[in-house]
Amino acid sequence: MLSAPQIVRLHDQATLFWHDPSAPRPPAGERFEQLVLDQHRANFDLWHREDAARDPLSGDQAIAACKRAIDKLNQLRNDLAERIDRDLLDSLPPLDPGLPLHSETPGLIIDRLSILALKIFHTDEETRRSSATPEHRERNRERLTVLNNQRDDLAGCLAELWADIRANRRRFKLYRQLKMYNDPTLNPVLYTAVSDTDPKP
């Protein structure tokens with residue numbers, strides 16, 4: 001069900017396609033791969049909303065709208081990482097609670113791989129930007145080497161973890177993110193604002 005090399009390929013294909021719709025569309029052959037793509041899309045949209053929020057020419061209203069969009073996308077990103085873990089657990093027989101527990105779940109590793117794919121794409125762009133200095137392009141070629149090495153290492157760790165889980169050598173648990181900032185019953189800024197607007201008796 002989980003193939004680390006295929007996840008890396010899907011991330012790269014989707015990143016290219018979403019920037020350039022003339023590129024080949026990434027295939028999503030099964031439900032799990034679609035979940036991986038949905039989670040990556042949340043990170044893709046989050047990346048570009050965060051860029052827009054840092055635009056020095058943006059007005060306060062535009063930045064506030066970006067911030068609200070970022071909050072929603074970050075919630076979606078975390079929800080989808082959790083769904084990936086839930087689907088993986090559902091695909092397995094019950095895991096022995098006596099097995100060593102791995103603290104980072106596959107879904108969170110896939111989230112990190114997604115972000116690395118975006119860093120790699122945009123760093124590669126900087127190695128070819130015609131308006132940049134040769135020094136800038138060289139510095140980004142060096143950064144690109146580091147990022148690719150980091151992704152190779154992380155993908156290898158994911159493959160090894162999944163092999164260990166399948167072989168009953170290690171286990172993971174579904175860790176709920178339990179975000180509070182978007183919940184109007186948990187964020188004091190939100191529930192105070194609601195109570196302040198309630199009609200007075």
# chains A, B, ... in the order shown; residues from 1 in each chain; ligands from 1
call {"tool": "residues_around", "arguments": {"residues": "His11 (chain A)", "least_positions_apart": "6", "cutoff": "8 Å", "atoms": "only C-alpha atoms", "output": "PyMOL selection string"}}
result
chain A and resi 37+40+114+117
call {"tool": "write_last_selection", "arguments": {"atoms": "C-alpha atoms", "output": "PDB file, in the first residue's frame"}}
result
ATOM      1  CA  LEU A  37      -1.941  13.952  -3.449  1.00  0.00           C
ATOM      2  CA  HIS A  40       0.402  17.494  -0.885  1.00  0.00           C
ATOM      3  CA  SER A 114       5.704  16.872   0.669  1.00  0.00           C
ATOM      4  CA  ALA A 117       9.281  18.367  -2.708  1.00  0.00           C
TER       5      ALA A 117
END
call {"tool": "residues_around", "arguments": {"residues": "region 14-31 of chain A", "least_positions_apart": "4", "cutoff": "7 Å", "atoms": "only C-alpha atoms", "output": "PyMOL selection string"}}
result
chain A and resi 10+35+118
call {"tool": "residues_around", "arguments": {"residues": "Ser103 (chain A)", "least_positions_apart": "5", "cutoff": "10 Å", "atoms": "only C-alpha atoms", "output": "list in words"}}
result
Arg171, Phe172, Lys173 and Tyr175 of chain A
call {"tool": "write_last_selection", "arguments": {"atoms": "C-alpha atoms", "output": "mmCIF file, in the first residue's frame"}}
result
data_model
loop_
_atom_site.group_PDB
_atom_site.id
_atom_site.type_symbol
_atom_site.label_atom_id
_atom_site.label_comp_id
_atom_site.auth_asym_id
_atom_site.auth_seq_id
_atom_site.Cartn_x
_atom_site.Cartn_y
_atom_site.Cartn_z
ATOM 1 C CA ARG A 171 4.359 -0.134 15.556
ATOM 2 C CA PHE A 172 2.860 3.336 15.370
ATOM 3 C CA LYS A 173 -0.279 4.875 16.765
ATOM 4 C CA TYR A 175 -1.754 10.657 17.026
#
call {"tool": "atom_distance", "arguments": {"atom1": "CA of Ile115 (chain A)", "atom2": "CA of Leu95 (chain A)"}}
result
29.0 Å
call {"tool": "select_by_dssp", "arguments": {"residues": "region 96-169 of chain A", "states": "helix (DSSP H, G or I)", "output": "NGL selection string"}}
result
:A and (106-127 or 134-166)
call {"tool": "residues_around", "arguments": {"residues": "Ala159 (chain A)", "least_positions_apart": "5", "cutoff": "12 Å", "atoms": "only C-alpha atoms", "output": "ChimeraX atom specification"}}
result
/A:1-8,106,109-110,152-154,164-166
call {"tool": "write_last_selection", "arguments": {"atoms": "all heavy atoms", "output": "short mmCIF file (atom, residue, chain, number, x, y, z; two decimals), in the first residue's frame"}}
result
data_model
loop_
_atom_site.label_atom_id
_atom_site.label_comp_id
_atom_site.auth_asym_id
_atom_site.auth_seq_id
_atom_site.Cartn_x
_atom_site.Cartn_y
_atom_site.Cartn_z
N MET A 1 0.83 -1.21 0.00
CA MET A 1 0.00 0.00 0.00
C MET A 1 0.86 1.25 0.00
O MET A 1 0.57 2.23 -0.68
CB MET A 1 -0.91 -0.01 1.23
CG MET A 1 -1.83 1.19 1.32
SD MET A 1 -3.00 0.97 2.67
CE MET A 1 -3.94 2.46 2.53
N LEU A 2 1.93 1.25 0.76
CA LEU A 2 2.80 2.41 0.87
C LEU A 2 4.11 2.13 0.16
O LEU A 2 4.80 1.17 0.47
CB LEU A 2 3.05 2.75 2.34
CG LEU A 2 3.85 4.02 2.67
CD1 LEU A 2 3.54 4.48 4.09
CD2 LEU A 2 5.37 3.78 2.57
N SER A 3 4.47 2.98 -0.80
CA SER A 3 5.75 2.89 -1.50
C SER A 3 6.41 4.26 -1.42
O SER A 3 5.93 5.22 -2.03
CB SER A 3 5.56 2.47 -2.96
OG SER A 3 6.73 2.73 -3.71
N ALA A 4 7.51 4.35 -0.68
CA ALA A 4 8.18 5.65 -0.53
C ALA A 4 8.63 6.22 -1.87
O ALA A 4 8.42 7.41 -2.14
CB ALA A 4 9.34 5.53 0.45
N PRO A 5 9.28 5.42 -2.76
CA PRO A 5 9.66 6.00 -4.07
C PRO A 5 8.47 6.51 -4.87
O PRO A 5 8.56 7.55 -5.53
CB PRO A 5 10.35 4.82 -4.78
CG PRO A 5 10.83 3.93 -3.68
CD PRO A 5 9.78 4.04 -2.61
N GLN A 6 7.33 5.80 -4.80
CA GLN A 6 6.15 6.26 -5.53
C GLN A 6 5.60 7.55 -4.94
O GLN A 6 5.15 8.44 -5.68
CB GLN A 6 5.06 5.16 -5.53
CG GLN A 6 3.73 5.57 -6.15
CD GLN A 6 3.79 5.89 -7.63
OE1 GLN A 6 4.86 5.86 -8.25
NE2 GLN A 6 2.65 6.24 -8.21
N ILE A 7 5.65 7.69 -3.64
CA ILE A 7 5.20 8.93 -3.00
C ILE A 7 6.06 10.10 -3.46
O ILE A 7 5.55 11.18 -3.79
CB ILE A 7 5.20 8.78 -1.47
CG1 ILE A 7 4.05 7.88 -1.03
CG2 ILE A 7 5.10 10.14 -0.77
CD1 ILE A 7 4.11 7.42 0.41
N VAL A 8 7.38 9.91 -3.50
CA VAL A 8 8.28 10.96 -3.98
C VAL A 8 7.96 11.32 -5.42
O VAL A 8 7.90 12.51 -5.79
CB VAL A 8 9.74 10.51 -3.81
CG1 VAL A 8 10.69 11.45 -4.56
CG2 VAL A 8 10.12 10.44 -2.33
N PRO A 106 3.89 7.43 9.83
CA PRO A 106 4.10 7.54 8.38
C PRO A 106 3.46 8.79 7.78
O PRO A 106 4.05 9.44 6.91
CB PRO A 106 3.46 6.26 7.83
CG PRO A 106 3.57 5.28 8.95
CD PRO A 106 3.38 6.10 10.21
N ILE A 109 5.68 11.70 8.29
CA ILE A 109 6.86 11.62 7.42
C ILE A 109 6.48 12.01 6.00
O ILE A 109 7.21 12.74 5.32
CB ILE A 109 7.48 10.22 7.47
CG1 ILE A 109 7.99 9.90 8.88
CG2 ILE A 109 8.62 10.10 6.46
CD1 ILE A 109 8.50 8.47 9.05
N ILE A 110 5.32 11.55 5.53
CA ILE A 110 4.85 11.91 4.19
C ILE A 110 4.63 13.41 4.09
O ILE A 110 4.93 14.04 3.06
CB ILE A 110 3.58 11.10 3.84
CG1 ILE A 110 3.95 9.63 3.65
CG2 ILE A 110 2.89 11.65 2.60
CD1 ILE A 110 2.77 8.68 3.61
N ASP A 152 16.17 11.96 0.12
CA ASP A 152 16.54 10.55 -0.05
C ASP A 152 16.61 9.84 1.30
O ASP A 152 16.13 8.72 1.45
CB ASP A 152 17.89 10.44 -0.77
CG ASP A 152 17.81 10.82 -2.25
OD1 ASP A 152 16.68 10.91 -2.78
OD2 ASP A 152 18.88 11.04 -2.85
N ASP A 153 17.24 10.52 2.27
CA ASP A 153 17.35 9.93 3.61
C ASP A 153 15.97 9.69 4.22
O ASP A 153 15.69 8.63 4.78
CB ASP A 153 18.16 10.84 4.54
CG ASP A 153 19.64 10.86 4.22
OD1 ASP A 153 20.11 9.99 3.45
OD2 ASP A 153 20.33 11.77 4.74
N LEU A 154 15.10 10.70 4.12
CA LEU A 154 13.78 10.60 4.74
C LEU A 154 12.93 9.53 4.06
O LEU A 154 12.22 8.77 4.73
CB LEU A 154 13.08 11.97 4.70
CG LEU A 154 11.77 12.08 5.47
CD1 LEU A 154 11.97 11.75 6.94
CD2 LEU A 154 11.19 13.49 5.31
N ASP A 164 9.37 -2.45 8.67
CA ASP A 164 9.37 -2.92 10.06
C ASP A 164 7.96 -3.13 10.57
O ASP A 164 7.68 -4.09 11.30
CB ASP A 164 10.11 -1.92 10.96
CG ASP A 164 11.62 -2.03 10.85
OD1 ASP A 164 12.11 -3.00 10.25
OD2 ASP A 164 12.31 -1.12 11.38
N ILE A 165 7.05 -2.23 10.22
CA ILE A 165 5.66 -2.36 10.66
C ILE A 165 5.03 -3.61 10.04
O ILE A 165 4.38 -4.40 10.73
CB ILE A 165 4.86 -1.09 10.29
CG1 ILE A 165 5.33 0.10 11.14
CG2 ILE A 165 3.36 -1.32 10.46
CD1 ILE A 165 4.86 1.44 10.64
N ARG A 166 5.25 -3.80 8.75
CA ARG A 166 4.67 -4.97 8.08
C ARG A 166 5.24 -6.28 8.62
O ARG A 166 4.57 -7.31 8.59
CB ARG A 166 4.95 -4.88 6.57
CG ARG A 166 4.28 -3.72 5.85
CD ARG A 166 2.79 -3.90 5.69
NE ARG A 166 2.44 -5.13 5.01
CZ ARG A 166 2.37 -5.26 3.70
NH1 ARG A 166 2.61 -4.21 2.91
NH2 ARG A 166 2.04 -6.41 3.16
#
